[in-house]
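A.B. asks: I'd like to ask some things about the structure below.
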Amino acid sequence: AIFSGCEMNEEPKSEASVDMVFSSENGLKTYTYSFYNVLPSRGSAFRRDATADYGVKNSLGGMEVGAYTTNSATSWSWSALRNINFFLENNVNESLSTTIRDNYNGIARLFRARFYFDKLVQYGEVPWIDKVFNEAEDPDLYNPRDTRDVIIGHILEDLDYAYTNILEEDVTHNSTIVNKWTAAAFKSRVCLFEAAWRKYHAADQLDIARTGCTEYSAKDLYKLAAEAAKEVMDNGPYKLYTSGAYSDGRGAYRELFIADKAVTTEVMMAIETDKVLGLGEQNWWYNSSTYGPHLCMSRKFMLSYLNADGTPYVEKKADGSYKNFVEETTGRDTRLNQTIRGADYTRKNASGVYEPTAANFTGHTLTGYQFTKFAMDDVAYDDAATNDNDIPIMRYAEVLLNYAEAKAELGELTDADWAATIGALRSRAGITGGTPQTGTLTTRPSSAEPYIASYYPTISDPSLLEIRRERGIELCLEGLRLNDLKRWNCCDLWVNDPWEGIFIPSLNQPLDVNGDGNYDAYFYDTDKIADEKYAAIGVYVGTNKSNVLNVKPVQGGYLMEYNYAGRSWPARQYLYPIPEVVIQFNTNLSQNPGW
């Protein structure tokens, strides 16, 4: 939570304390701080995409192998909602002006909308509750599930109320407090999710038509998503942060994630970390051999980044041989080298000197594409919770992507819309042009680019394909990817990404991966490394030990391949099951399909 010192997650115990809280603006403000406890913590905000198709890792959970059950489901918690509803019921003291009370009610309703959106994504239909239960026998405790129409309608009412009544219109301290634009941006996220869900699940067991939902069409919701995003774009205080030329793995894009204080130009909400409030674990999680799942990027996703001139990247040379790592990470969209350690990446060593630093193949990366996006470029941060860089959880860039996707889905995306969204994001990433298939900085694509079309084979619209490319790249690791796969009905991507890595020209000899003149890895497929002086960088890729880290023979060498068996996504998992104990308590609740 942002405000770790606020213990307001329980209601005041007496009428006197209730009156004290709700009779002053300071009391209302202090109470609303408790709502922020539902946001991602400093220890989790940077790893919300731990389950994503492009994220290769060394351990899987029950949901990720299709082993989740109604007995293992444990996330059916409603305490945060009770806290919010208690506030809304008691914020009625007329000694405070209506404007002040409505402002804090707006904050409460923004967080209620967030609570219910999370429930909608997890469970689909749930009971709508807008009161506090004070009696154990209250009949509303046994209400059945309300339809998605009812839930989405109430969420939109709450967000519209929040946007209208929250008084703060400027950026807030380190973007750690909500303002009215938070409500509009979140509305664009909610509507885009629900629109896509209704469109892309229209022919499966999750088709909302089977539940009698007719109030909101996918088109209606795409329009609302576009309108909400456009409101932020036209009238909000945010813009893309573009300061600072790219160099050595750092530039304007990555500065958003390694800045000591949130870059409030673009970051709309952030989790604050510092030496006083509390320290983050970004480096520890991404760069430790003992902590974290060694999350790294898959080759399939790496190939989706364009060249700097806007042309599609091709992994092979004219003679059919594979490009090496230096060639892969040179002349590309600079977001690639600001998301992973590219060939030009430098890092501060223990002596305080920046030096070229390749991926750590001995226990840190399973593909050679080691993530750096949230990690500081200093080894001093690596071995404990010592990070003091703030963690963005909502950015203006997402608003641009929400707008572009909604307009494209409506068939209304213009070249001007493209230039203001996709073109602007690519320009910041150092892309200078494009093609009729990828689009330029100012014009939409006119035909589908083959690689991204193969990534999303059910999509034919060239603009939508490129918007999906951009969304994946721009928002990589920011906690939105799995929900995107869910709403697009694309969780097969989680199952089917081959989890391949860098090209290795030969085995059983040292390799200088980043071209700095120093050996970085020694890939060997025998029981024992051939030359012990390279044991410190030795990586076993054979099969005799049933090793999951292997190599795939290709022309001229090998590709790293991480063969972790068992990834699964049964169709039922697009929604979580309602825990069995909950249905035993309330027999009016129906179970989700397939569970």
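FYI, nothing fancy with the structure tokens labels: chains A, B, ... in order, residues from 1 per chain, ligands from 1 as they appear.
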Which residues come within 9 Å of range 368-377 of chain A, counting only C-alpha atoms, excluding same-chain residues fewer than 5 positions away, as an NGL selection string?
C.D. replies: :A and (46 or 249 or 254 or 256-258 or 281-287 or 294-299 or 302 or 325 or 337-342 or 346-349 or 354 or 358-361 or 382 or 387 or 389 or 391 or 476-477 or 501-502 or 513 or 560)
A.B. asks: Which residues are close to range 131-142 of chain A, i.e. within 10 Å by only C-alpha atoms, leaving aside same-chain residues fewer than 2 positions away? Reply as a PyMOL selection string.
C.D. replies: chain A and resi 81-89+127-129+144-145+583+585-589
A.B. asks: Check the smallest atom-to-atom distance from each of A:Ala262, A:Ala571, A:Ala73, A:Ala521 to Lys533 in chain A using only C-alpha atoms, then report the winner.
C.D. replies: A:Ala521
A.B. asks: A:Tyr222, A:Tyr54, A:Tyr534, A:Tyr31: which is nearest Leu482 in chain A, counting only C-alpha atoms?
C.D. replies: A:Tyr54
A.B. asks: Looking at A:Thr435, A:Tyr345, A:Asn143, A:Ser288, which one is nearest to Asp383 in chain A, with distances taken over only C-alpha atoms?
C.D. replies: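 Going through A:Thr435, A:Tyr345, A:Asn143, A:Ser288 one by one, the smallest distance to Asp383 in chain A is for A:Ser288.
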